[in-house]
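Engineer: Contents of start04.txt (compact mmCIF, C-alpha atoms):
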```
# COMPACT_ATOMS: atom_id res chain seq x y z
CA MET A 1 -25.48 28.58 34.42
CA SER A 2 -26.01 25.35 32.52
CA ILE A 3 -24.52 24.89 29.08
CA SER A 4 -25.01 22.14 26.54
CA ASN A 5 -22.24 19.80 25.49
CA ASN A 6 -22.37 21.14 21.94
CA HIS A 7 -21.86 24.69 23.11
CA TRP A 8 -19.07 23.59 25.43
CA GLU A 9 -17.27 21.89 22.56
CA VAL A 10 -17.50 25.07 20.47
CA ASN A 11 -16.19 27.11 23.38
CA MET A 12 -13.20 24.79 23.77
CA GLU A 13 -12.48 24.92 20.04
CA PHE A 14 -12.14 28.71 20.12
CA SER A 15 -10.91 29.05 23.69
CA ASP A 16 -7.49 30.44 22.74
CA THR A 17 -8.70 32.92 20.14
CA ARG A 18 -9.15 36.66 20.54
CA TYR A 19 -12.80 36.47 19.49
CA ASN A 20 -13.92 33.26 21.20
CA ARG A 21 -16.57 34.91 23.40
CA GLN A 22 -18.41 36.31 20.37
CA MET A 23 -17.77 33.36 18.07
CA VAL A 24 -19.67 31.04 20.39
CA MET A 25 -22.77 33.19 19.95
CA PRO A 26 -25.24 31.53 17.56
CA GLN A 27 -25.70 34.83 15.71
CA ILE A 28 -22.00 35.01 14.88
CA GLY A 29 -20.01 31.78 14.83
CA GLU A 30 -17.03 31.26 12.57
CA GLN A 31 -18.76 32.55 9.43
CA GLY A 32 -19.94 35.69 11.17
CA GLN A 33 -16.47 36.41 12.48
CA GLN A 34 -15.12 36.05 8.96
CA LYS A 35 -17.62 38.69 7.81
CA ILE A 36 -16.52 41.03 10.58
CA SER A 37 -12.85 40.40 9.85
CA SER A 38 -13.30 41.09 6.14
CA GLY A 39 -15.34 44.25 6.79
CA SER A 40 -14.11 47.81 6.42
CA VAL A 41 -15.27 51.00 8.12
CA VAL A 42 -14.30 54.65 7.59
CA SER A 43 -14.97 57.15 10.35
CA VAL A 44 -15.18 60.88 9.75
CA GLY A 45 -14.21 62.14 13.17
CA ALA A 46 -12.69 60.53 16.25
CA GLY A 47 -14.28 62.47 19.07
CA GLY A 48 -16.75 61.69 21.84
CA VAL A 49 -19.14 59.10 20.40
CA LYS A 50 -16.47 57.78 18.04
CA SER A 51 -14.06 56.97 20.89
CA PRO A 52 -16.01 54.02 22.34
CA LEU A 53 -17.46 53.19 18.93
CA LEU A 54 -14.05 52.72 17.30
CA TYR A 55 -12.73 50.90 20.34
CA TYR A 56 -15.45 48.28 20.16
CA LEU A 57 -15.07 47.86 16.39
CA ALA A 58 -11.37 47.18 16.83
CA ALA A 59 -12.04 44.82 19.72
CA ALA A 60 -14.58 42.90 17.63
CA GLY A 61 -12.00 42.44 14.87
CA VAL A 62 -13.29 44.65 12.04
CA GLY A 63 -10.63 44.01 9.41
CA LYS A 64 -9.95 47.56 8.24
CA ILE A 65 -10.69 50.84 10.01
CA LYS A 66 -9.82 54.28 8.65
CA ILE A 67 -9.94 57.28 10.99
CA ILE A 68 -10.20 60.80 9.55
CA ASP A 69 -9.81 63.76 11.88
CA PHE A 70 -7.78 66.95 11.46
CA ASP A 71 -8.44 68.15 15.01
CA ARG A 72 -6.04 67.96 17.95
CA VAL A 73 -6.71 66.73 21.48
CA GLU A 74 -7.75 69.47 23.91
CA LEU A 75 -8.24 69.40 27.66
CA SER A 76 -11.98 69.99 27.29
CA ASN A 77 -12.28 66.78 25.25
CA LEU A 78 -11.24 64.51 28.10
CA ASN A 79 -14.56 64.29 29.95
CA ARG A 80 -15.93 62.13 27.15
CA GLN A 81 -13.30 61.30 24.47
CA ILE A 82 -11.94 58.24 26.20
CA LEU A 83 -9.40 57.28 23.54
CA TYR A 84 -7.23 60.15 24.77
CA THR A 85 -5.32 61.06 27.93
CA THR A 86 -3.81 64.23 29.34
CA ASN A 87 -0.48 63.31 27.76
CA ASP A 88 -2.11 63.37 24.32
CA ILE A 89 -3.11 67.04 24.48
CA GLY A 90 -1.87 68.85 21.37
CA ARG A 91 -1.52 65.72 19.25
CA TYR A 92 -3.71 64.84 16.27
CA LYS A 93 -6.70 62.78 17.37
CA ALA A 94 -6.54 60.53 14.33
CA GLU A 95 -2.93 59.62 14.99
CA VAL A 96 -3.47 58.95 18.69
CA ALA A 97 -6.64 56.95 18.02
CA ALA A 98 -4.81 54.78 15.49
CA GLU A 99 -2.05 54.10 18.02
CA LYS A 100 -4.50 53.12 20.75
CA LEU A 101 -6.51 50.82 18.48
CA ARG A 102 -3.37 49.11 17.19
CA MET A 103 -2.35 48.44 20.78
CA LEU A 104 -5.77 46.94 21.43
CA ASN A 105 -5.77 44.78 18.30
CA PRO A 106 -2.57 44.49 16.23
CA ASP A 107 -4.21 41.91 13.96
CA ILE A 108 -6.35 44.40 12.04
CA THR A 109 -5.49 47.23 9.64
CA ILE A 110 -5.79 50.75 11.06
CA GLU A 111 -5.30 53.74 8.78
CA PHE A 112 -5.59 57.41 9.65
CA SER A 113 -5.63 60.79 7.97
CA THR A 114 -5.33 64.30 9.38
CA GLU A 115 -6.74 65.86 6.20
CA ARG A 116 -10.07 67.65 6.11
CA VAL A 117 -12.67 65.96 3.90
CA THR A 118 -13.54 68.27 1.00
CA HIS A 119 -15.54 68.08 -2.21
CA GLU A 120 -12.26 67.59 -4.05
CA ASN A 121 -10.96 64.62 -2.04
CA ILE A 122 -14.11 62.98 -0.70
CA ASP A 123 -14.13 60.15 -3.24
CA SER A 124 -10.58 59.09 -2.44
CA MET A 125 -11.04 59.59 1.31
CA LEU A 126 -14.34 57.74 1.77
CA GLY A 127 -14.60 55.41 -1.22
CA ASN A 128 -14.48 51.60 -1.12
CA PHE A 129 -15.57 51.03 2.49
CA ASP A 130 -18.42 48.81 3.64
CA VAL A 131 -19.74 51.25 6.25
CA LEU A 132 -19.38 55.01 6.67
CA LEU A 133 -19.51 56.64 10.09
CA GLU A 134 -20.95 60.06 9.43
CA GLY A 135 -19.27 63.07 10.94
CA GLY A 136 -17.50 66.28 10.13
CA ASP A 137 -16.46 69.69 11.34
CA GLY A 138 -19.81 71.46 11.40
CA PRO A 139 -23.12 70.99 9.60
CA ASP A 140 -21.88 71.74 6.08
CA GLN A 141 -19.30 68.98 6.17
CA ARG A 142 -21.76 66.57 7.77
CA LEU A 143 -24.23 67.19 4.97
CA MET A 144 -21.45 66.70 2.42
CA VAL A 145 -20.62 63.30 3.94
CA ASN A 146 -24.31 62.44 4.03
CA GLN A 147 -24.62 63.35 0.34
CA PHE A 148 -21.68 61.09 -0.49
CA ALA A 149 -23.40 58.18 1.25
CA VAL A 150 -26.68 58.86 -0.57
CA ASP A 151 -25.04 59.20 -3.99
CA ASN A 152 -22.87 56.10 -3.55
CA GLN A 153 -25.46 53.96 -1.75
CA CYS A 154 -22.98 53.42 1.08
CA PRO A 155 -24.44 52.25 4.40
CA MET A 156 -24.03 55.10 6.86
CA VAL A 157 -24.39 55.22 10.64
CA HIS A 158 -25.04 58.53 12.37
CA VAL A 159 -24.28 58.71 16.09
CA SER A 160 -24.45 61.76 18.31
CA ALA A 161 -24.78 62.90 21.91
CA GLN A 162 -25.90 66.20 23.39
CA TYR A 163 -26.62 67.17 26.96
CA ALA A 164 -27.49 63.84 28.64
CA TYR A 165 -29.00 62.01 25.68
CA GLY A 166 -27.54 60.15 22.74
CA TYR A 167 -28.92 58.55 19.62
CA VAL A 168 -28.12 56.54 16.55
CA PHE A 169 -29.74 55.97 13.18
CA THR A 170 -28.71 54.05 10.10
CA MET A 171 -29.19 54.61 6.39
CA ILE A 172 -28.56 51.62 4.14
CA ASN A 173 -29.76 52.85 0.76
CA LYS A 174 -31.72 55.61 -0.94
CA GLU A 175 -35.01 54.15 0.27
CA ASP A 176 -34.12 55.17 3.84
CA PRO A 177 -34.40 58.69 5.26
CA CYS A 178 -31.04 60.43 5.40
CA LEU A 179 -29.38 62.88 7.78
CA ASN A 180 -31.05 65.80 6.03
CA CYS A 181 -34.47 64.18 6.48
CA ALA A 182 -33.77 63.69 10.17
CA PHE A 183 -32.41 67.19 10.76
CA PRO A 184 -33.72 69.57 8.09
CA ASP A 185 -32.56 72.53 10.21
CA LEU A 186 -29.04 71.14 10.60
CA PRO A 187 -27.14 74.13 9.13
CA ALA A 188 -28.86 76.52 11.52
CA SER A 189 -28.97 74.37 14.64
CA ARG A 190 -25.65 72.54 14.85
CA LYS A 191 -22.98 75.21 15.08
CA GLY A 192 -20.52 75.57 17.91
CA PRO A 193 -19.92 73.40 20.99
CA VAL A 194 -22.88 71.95 22.86
CA PRO A 195 -23.12 70.77 26.47
CA VAL A 196 -22.59 67.03 26.74
CA TRP A 197 -22.56 64.45 29.53
CA GLY A 198 -19.68 61.98 29.14
CA PRO A 199 -21.70 58.79 29.75
CA ALA A 200 -24.17 59.87 27.05
CA THR A 201 -21.38 59.76 24.47
CA GLY A 202 -20.34 56.34 25.73
CA ILE A 203 -23.81 54.83 25.48
CA ALA A 204 -24.42 56.37 22.06
CA GLY A 205 -21.04 55.18 20.82
CA VAL A 206 -21.73 51.61 21.91
CA MET A 207 -25.13 51.75 20.20
CA GLY A 208 -23.37 52.91 17.04
CA ALA A 209 -20.81 50.10 17.20
CA ASN A 210 -23.67 47.64 17.53
CA GLU A 211 -25.28 49.05 14.37
CA VAL A 212 -22.03 48.76 12.39
CA LEU A 213 -21.42 45.17 13.44
CA LYS A 214 -25.00 44.17 12.56
CA ILE A 215 -24.52 45.71 9.11
CA LEU A 216 -21.32 43.72 8.55
CA LEU A 217 -22.98 40.54 9.81
CA GLY A 218 -26.16 41.10 7.80
CA LYS A 219 -28.18 40.21 10.91
CA GLY A 220 -30.37 41.95 13.43
CA GLU A 221 -32.70 44.93 13.37
CA LEU A 222 -31.17 48.23 12.34
CA ALA A 223 -32.27 51.73 13.34
CA ARG A 224 -33.58 52.50 9.86
CA GLY A 225 -36.29 55.11 9.67
CA TYR A 226 -36.01 56.14 13.29
CA LEU A 227 -33.65 57.54 15.89
CA MET A 228 -32.80 55.04 18.60
CA SER A 229 -32.41 57.43 21.49
CA CYS A 230 -31.51 57.25 25.17
CA SER A 231 -32.03 59.84 27.89
CA ASN A 232 -29.59 59.08 30.66
CA PHE A 233 -31.06 61.03 33.56
CA GLN A 234 -34.55 59.62 32.94
CA ASN A 235 -33.32 56.13 31.92
CA ASP A 236 -35.57 56.26 28.87
CA TYR A 237 -34.90 54.43 25.62
CA TYR A 238 -37.24 55.22 22.79
CA ARG A 239 -37.65 55.29 19.01
CA LEU A 240 -38.29 58.58 17.30
CA PRO A 241 -39.64 57.99 13.76
CA ILE A 242 -37.90 59.80 10.91
CA PRO A 243 -40.20 60.18 7.91
CA LYS A 244 -38.49 60.23 4.55
CA ASP A 245 -38.92 63.68 3.03
CA PRO A 246 -39.86 63.32 -0.67
CA HIS A 247 -38.54 66.83 -1.22
CA CYS A 248 -35.29 66.35 0.70
CA PRO A 249 -32.45 68.19 -1.09
CA SER A 250 -30.13 65.28 -0.34
CA CYS A 251 -32.17 62.14 -1.04
CA GLY A 252 -35.55 63.35 -2.39
CA ALA A 253 -37.20 62.49 -5.68
CA GLY A 254 -35.29 65.20 -7.47
CA LYS A 255 -31.90 63.67 -6.66
```
Please, can you express the file's structure as C-alpha cells?
Structural biologist:
Amino acid sequence: MSISNNHWEVNMEFSDTRYNRQMVMPQIGEQGQQKISSGSVVSVGAGGVKSPLLYYLAAAGVGKIKIIDFDRVELSNLNRQILYTTNDIGRYKAEVAAEKLRMLNPDITIEFSTERVTHENIDSMLGNFDVLLEGGDGPDQRLMVNQFAVDNQCPMVHVSAQYAYGYVFTMINKEDPCLNCAFPDLPASRKGPVPVWGPATGIAGVMGANEVLKILLGKGELARGYLMSCSNFQNDYYRLPIPKDPHCPSCGAGK
C-alpha cells in the first residue's frame, strides 16, 4: 500500500506512542486524541455488550471511565462477557473489569462502584461525565437512568444484544428520541434473562464504543433517531427508525 511522505512523517512522529495508529488518521490526529484523553464515560453495567465496549474505550485512551455494577461473575456469563474468566467467578464484575482495564491501559483513570444506582444516589453516581452508557438491573432501573440523561441533557448511548442480533442508538439531547420512545413496552418486555449469542454482544459492544468515541471527538454520524442493528445469522445491517413520541413520559412535551 502506498503512503505519502507527509503521512509517513506523521507516523514516525507518533511511532512510539500508545495511540499512534489512531492519531495518524485524518479524523483524529493530535487534537482528536486530546479530546479522547480528556473525555469521561460512566457505564451502568459491565456485562455482555459492555465488556468489549469498555475494553475498546480504554484501549483508545478515554481519560476517565467509571464502571458501576453490583453483580458478581457467574459461569453463565462467560459465553459473552469477555472481560471475565473462570477464575473470576464470584467476584464483583465492576472490580474485575477495573483491574483488567488498568492492565490494558495504566495511563487512564478507572473508577468502579459496586453500589446499585437508586433515585437517592443517581446524581452523585452519574453526574459530571461526558457520556453515559445506559444500563441497569431490569427495566425500571434502565428507565431511571434514561430519565437522568433526559433531565440532565447528558449524551447517552444504549447498546444491547438478544438472540443473534445487537443494536445501538444514541441520544444527545432532548430533541432526540429516548429509550422510552424506542421501547415503550420496556417494563413489560425486558424482565428476566434472554437467549443471547456471544458474537452478537461483541459486535454490538464495538458499535457502542464507536458511538462513544465519535461523541467525544465531535465527528461522524451518530445513531440518533434510529437503531443501528445487526443480525448475525443473516449478515444484515440495517437502520430501524425511532420516532420521537410527543407524549413520551420520559422526554415528551409534558416533561
Engineer: Check the smallest atom-to-atom distance from each of A:Leu53, A:Cys251, A:Leu240, A:Cys181 to Val157 in chain A using all atoms listed in the file, then report the winner.
Structural biologist: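 Using all atoms listed in the file, the shortest distance to Val157 in chain A belongs to A:Leu53.
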Engineer: Given the choices A:Ser76, A:Gln31, A:Asn121, A:Asn20, which gets closest to Pro193 in chain A if the distance is worked out from only C-alpha atoms?
Structural biologist: A:Ser76
Engineer: Pick from A:Lys66, A:Lys219, A:Arg142, A:His247: nearest to Phe129 in chain A, with only C-alpha atoms counted?
Structural biologist: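 Nearest to Phe129 in chain A: A:Lys66.
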Engineer: May I ask which of the residues A:Lys35, A:His158, A:Arg18, A:Arg116 is the closest one to Ile215 in chain A, counting only C-alpha atoms?
Structural biologist: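 Closest to Ile215 in chain A, using only C-alpha atoms: A:Lys35.
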Engineer: Near Ala94 in chain A, within 6 Å and counting all atoms listed in the file, which residues show up once chain neighbours fewer than 4 positions away are dropped, as number ranges by chain?
Structural biologist: A: 67, 69, 112
Engineer: For each of A:Val49, A:Leu132, A:Val62, A:Ile89, take the minimum atom-to-atom distance to Tyr167 in chain A, counting only C-alpha atoms, then give the residue where this is smallest.
Structural biologist: A:Val49
Engineer: Of the candidates A:Leu126, A:Leu227, A:Ala46, A:Leu57, which one gets nearest to Leu213 in chain A if we count all atoms listed in the file?
Structural biologist: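 Using all atoms listed in the file, the shortest distance to Leu213 in chain A belongs to A:Leu57.
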Engineer: Enter the distance from CA of Gly61 in chain A to CA of Leu78 in chain A, in Å, rounded to one decimal.
Structural biologist: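 Interatomic distance here is 25.7 Å.
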Engineer: Set the distance at 8 Å and use all atoms listed in the file: which residues neighbour Asp71 in chain A once local chain neighbours fewer than 3 positions away are removed? I'd like the list as a PyMOL selection string.
Structural biologist: chain A and resi 92-94+114
Engineer: Report, in Å to a single decimal, how far apart CA of Phe233 in chain A and CA of Val194 in chain A are.
Structural biologist: 17.3 Å
Engineer: With a distance cut-off of 10 Å and all atoms listed in the file, select the neighbouring residues of Cys178 in chain A, excluding the residue or stretch itself and same-chain residues fewer than 5 positions from it, and output the selection as a PyMOL selection string.
Structural biologist: chain A and resi 143+146-147+149-150+156-158+169-173+183-184+224-225+242-245+248+250-252
Engineer: One decimal, in Å: what's the spacing between CA of Leu104 in chain A and CA of Gly218 in chain A?
Structural biologist: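 Straight-line distance from CA of Leu104 in chain A to CA of Gly218 in chain A works out to 25.2 Å.
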Engineer: Which neighbours of Gln22 in chain A fall inside 9 Å, counting only C-alpha atoms, when residues of the same chain fewer than 5 positions from it are skipped, and could you give them as a ChimeraX atom specification?
Structural biologist: /A:27-29,33,60
